[in-house]
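Student: Below is one structure. I have some questions about it.
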Amino acid sequence: MAGNEPLVEQKPRPIIRIGIFLISHSVLFSVLCCSAGILAFLLLPVLAINTHVSENALMPGSGSPMLSNDDAAEGEIFFNKLLSFNSKTVSTGIEIPELIAEHILELGGEANYHKFHPLLNKFHPLQFFLGPDAGIVEGNHSCSSYGVNTIGIIRAPRGDGKEAIVLVTPYNSVKITTGEALSLGVAYSVFSLLSRVTWLAKDIIWLAADSKHDEYSAVATWLRDYNTLSFGDLKLYSEMCDACILPSQKKSQTAGEVTSKGFQRAGTMAAALVIKVADSSKEFEKDVLKIYAEASNGQMPNLDLINIVNYLAVHGQGLHVRVEKIWSLLDSWWLNSIGELFALLGKVARNLNPQWKFGIPAAEYVEGAATLTSSLYNQALGVPTGPHGAFRDFQVDAITMEISPKFSSTQRVMFLLRVGRLVEGVIRSVNNLLEKFHHSCFLYLLTSPNRFVSVGVYMIAFALLISPFPLVAASLFSDASMPKLGEYDAPLKPDPGGEHASTFTSWKWLYAAKTVLIVHLWSTIVTLSPYFLYQIPNSSSSINLLIWIILSILSLFFIYAISDSFTFLSTSQPQRAEWALLKSVTIAAAFIGLCLMSVVNFATAEIGALLLAPLCLTIAPLKLDFKANTIKALARGSCNILLLFVGFPPTMFLLSKGALAGFDHVKFGDFWDWAVSIWAWNSATYIYICMVHLPCWVLCIHTFMHQC
């Protein structure tokens, strides 16, 4: 009897029902998510929180400064000696390294030299994510092409030699500036103090980096040799030309130390500080400290390092601390309007419930947004903002401190004292650490020196923007997977087994996937072609960019021709309904590309999602909008034309630069120069633009021009 009972249809699981519901309402879901994602992005300055020192062991400001006026006075004497070399008619660039080494030895430290050849920043197609080429340059080079770093080391009396703190002072050994001499004076004052203290638990390394060619390469080549366990160090110092001969042995009058020709190492680097002194500050009434933290491909130092520098600078030495911001946004009317709106909403929220702490003053919002935009752009660019970026490539937390002084020549000792005590305080805090920085954030956006947005907050905007991608792709695929009656001139013959329909559906999906694959393979040609264009002698940026665009277009048409993928020009029956599947696979490819980019550089993925989400989700064949002939369809077509125009990478860059810097300063070849700057640093953003954004833009044009 049981066999005659009717079968009860089982309902799908709740998660499947939710998925089906979202797919069936993918348009509404896309509009809500994209709107919420853009709103979440605009709310980031409001959601920023105050910074705080997460690692209790750092204890910034817990000890009284030990740097005395005598140490600062010795720094001024050292400063005057350095500037005296500028009065000489002939300078070989060796006098200053010798002077620095002599003074290091007089203080009881260890001194040695590091000869290096400057890095060649050029496009290496197969060496992305490795930074500029840091290999040892072989062949004969003139003496003037080499740089000479001077390294001083203090062995910690309470340490075991396993950890070290690095001080970096870049300077031009041929023509030293006043600011560079001051930075060396600051480092010498601190080094003089640290050679006498008994509380050091980490070795101190003072790197006087010869930046006559490039300050980044001077630091990067030394770091490469420091972290390379090789036995060939001595060949870096072998036989220099007569004008570049360094003293092989220089004895100190106070200690029997000698400068070493070999490569000297200390412990594993715990942190690094790059000290630079800029021109005098005219905007503020007191000394200004600028902090630069961005490294290659969006890497940032641990936030605790910035926190202790900011705390000691403001509360200890009374400096005005700043981080980079986009100044043109401060006068933007639309940004000020948004700030006024959020300030009004904050007042309403506090009236409803005083415990609701939502909203900030409009001026604070605008300044926070300008700073956050600069932080986001510098991370997305993938190019280090200073020589500290070389340390981050070796997972060492480092920042650049650039001080703009506000003093007369008679107050130089006081300036050296204040900045020296700041550096001393940072070293004392890092010296207290028993482990590497790890308690605070590594992924964050700064809205001010003491406010930040963590990745847990700003990833919400990214998640909202890309969440419709898989749902829209699934909706388009499900709608276009089965042929509909009347879609073709001749109806399909009955096929009880469904084999014919299944085969036809698979063929359509594979055809769309083949088109997407071909376009992404073409993007490889676009990515590599600038390497060959860069070899053209005496060619301007505008000519190179024009040739790049023309070659890209010709190669695309050639690949399309040999692969028979001109669906937007064809009227054959099997290809008329392919646009939905093509858009589905395009959205899936964009989703995968953005997710992969978020692993490499989250800032680039965030900006990419803001640009690609509206374009990929709204694109549709223009012919459909003309056939519909409604206001909604025509508005969508106009919007798609605008998005395609703005979405082209050169157009997008030139419009952004014009909006921020003024269109009077925009030239056609600026995009080529910008692209050169990021591929020379092997930035992942260049790969993203050429191999994710550009193919999606071409496929969107493919869909837009489709003859449906």
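Residue numbering restarts at 1 for every chain of the structure tokens, chains are lettered A, B, ... in their displayed order, and ligands are numbered from 1 as they appear.
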Can you pull out the residues contacting Leu634 in chain A? Cut-off 12 Å, using only C-alpha atoms, and skip same-chain residues under 4 positions away; I want them as a list in words.

Tutor: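 Close residues of Leu634 in chain A: Ala620, Pro621, Leu622, Lys623, Leu624, Asp625, Phe626, Lys627, Ala628, Asn629, Thr630, Ser638, Cys639, Asn640 and Ile641 of chain A.
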
Student: What's the 7 Å shell around Ala156 in chain A, counting only C-alpha atoms, without same-chain residues fewer than 3 positions away, as a list of chain:residue names?

Tutor: A:Gly159, A:Leu200, A:Ala201, A:Lys202, A:Asp203

Student: To test your reading of the structure, identify every residue in range 171-414 of chain A that backbone DSSP assigns to helix (DSSP H, G or I), and report it as a VMD selection string.

Tutor: chain A and resid 178 to 194 215 to 227 233 to 237 242 to 244 296 to 298 303 to 316 327 to 331 333 to 352 362 to 381 389 to 392 409 to 414

Student: Excluding Gly63 in chain A and any residue of its chain fewer than 2 positions from it, enumerate the residues within 10 Å of it, using only C-alpha atoms, and give them as a count of residues only.

Tutor: 8

Student: Between A:Trp509, A:Phe469, A:Trp199, A:Phe668, which has the minimum distance to Phe29 in chain A (counting only C-alpha atoms)?

Tutor: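 When distances to Phe29 in chain A are compared using only C-alpha atoms, the smallest one comes from A:Phe469.
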
Student: Choose the residue, out of A:Ala295, A:Leu476, A:Ala363, A:Leu465, that has the smallest atom-to-atom separation from Asp393 in chain A; count only C-alpha atoms.

Tutor: A:Ala295

Student: For Leu416 in chain A, please output as a count of residues only all residues within 12 Å (counting only C-alpha atoms; exclusion window: fewer than 4 positions along the same chain).

Tutor: 39

Student: Quick one: of A:Leu615, A:Leu582, A:Ala512, A:Met705, who's nearest to Phe645 in chain A, counting only C-alpha atoms?

Tutor: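 Nearest candidate to Phe645 in chain A out of A:Leu615, A:Leu582, A:Ala512, A:Met705: A:Leu615.
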
Student: Excluding same-chain residues fewer than 5 positions from Arg322 in chain A, what lies within 8 Å of it counting only C-alpha atoms, as a count of residues only?

Tutor: 6

Student: Determine, counting only C-alpha atoms, which protein, DNA and RNA residues have an atom within 12 Å of an atom of Gln355 in chain A; residues of the same chain fewer than 6 positions away are not included. Present the result as a ChimeraX atom specification.

Tutor: /A:346-347,349

Student: Please produce a file of those selected residues containing N, CA and C atoms, as a JSON list (two decimals), in the first residue's frame.

Tutor:
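Contents of the output file selection-v2.json:
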[["chain", "number", "residue", "atom", "x", "y", "z"],
["A", 346, "GLY", "N", 23.76, 64.74, 12.00],
["A", 346, "GLY", "CA", 24.31, 64.50, 13.33],
["A", 346, "GLY", "C", 23.57, 65.27, 14.40],
["A", 347, "LYS", "N", 23.18, 66.52, 14.10],
["A", 347, "LYS", "CA", 22.41, 67.31, 15.07],
["A", 347, "LYS", "C", 21.04, 66.68, 15.33],
["A", 349, "ALA", "N", 20.28, 63.52, 15.00],
["A", 349, "ALA", "CA", 20.48, 62.28, 15.75],
["A", 349, "ALA", "C", 20.73, 62.57, 17.23]]

Student: Suppose you want the space between CA of Ala473 in chain A and CA of Leu39 in chain A; what is it in Å?

Tutor: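 Interatomic distance here is 23.7 Å.
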
Student: Could you give me, as an mmCIF file with C-alpha atoms, in the first residue's frame, the residues within 9 Å of Gln264 in chain A, counting only C-alpha atoms and dropping anything in the same chain fewer than 6 positions from it?

Tutor:
data_model
loop_
_atom_site.group_PDB
_atom_site.id
_atom_site.type_symbol
_atom_site.label_atom_id
_atom_site.label_comp_id
_atom_site.auth_asym_id
_atom_site.auth_seq_id
_atom_site.Cartn_x
_atom_site.Cartn_y
_atom_site.Cartn_z
ATOM 1 C CA GLU A 110 81.554 51.093 14.443
ATOM 2 C CA ALA A 111 81.789 52.686 11.002
ATOM 3 C CA ASN A 112 81.943 51.246 7.515
ATOM 4 C CA TYR A 113 81.131 52.228 3.930
ATOM 5 C CA ILE A 151 76.964 53.260 8.269
ATOM 6 C CA ILE A 153 76.543 50.979 14.501
ATOM 7 C CA TYR A 226 72.021 43.700 4.579
#

Student: Counting only C-alpha atoms, which residue out of A:Val383, A:Ile205, A:Val585, A:Ala101 sits closest to Lys514 in chain A?

Tutor: A:Val585

Student: Out of A:Ile592, A:Ala390, A:Val219, A:Val168, which residue has the shortest atom-to-atom distance to Phe116 in chain A when counting only C-alpha atoms?

Tutor: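 Closest residue, counting only C-alpha atoms: A:Val219.
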
Student: Which one is closest to Ser192 in chain A: A:Leu596, A:Ile154, A:Lys632, A:Lys212? Count only C-alpha atoms.

Tutor: A:Ile154

Student: One decimal, Å: what's the distance from CA of Phe653 in chain A over to CA of Phe671 in chain A, could you say?

Tutor: 6.6 Å
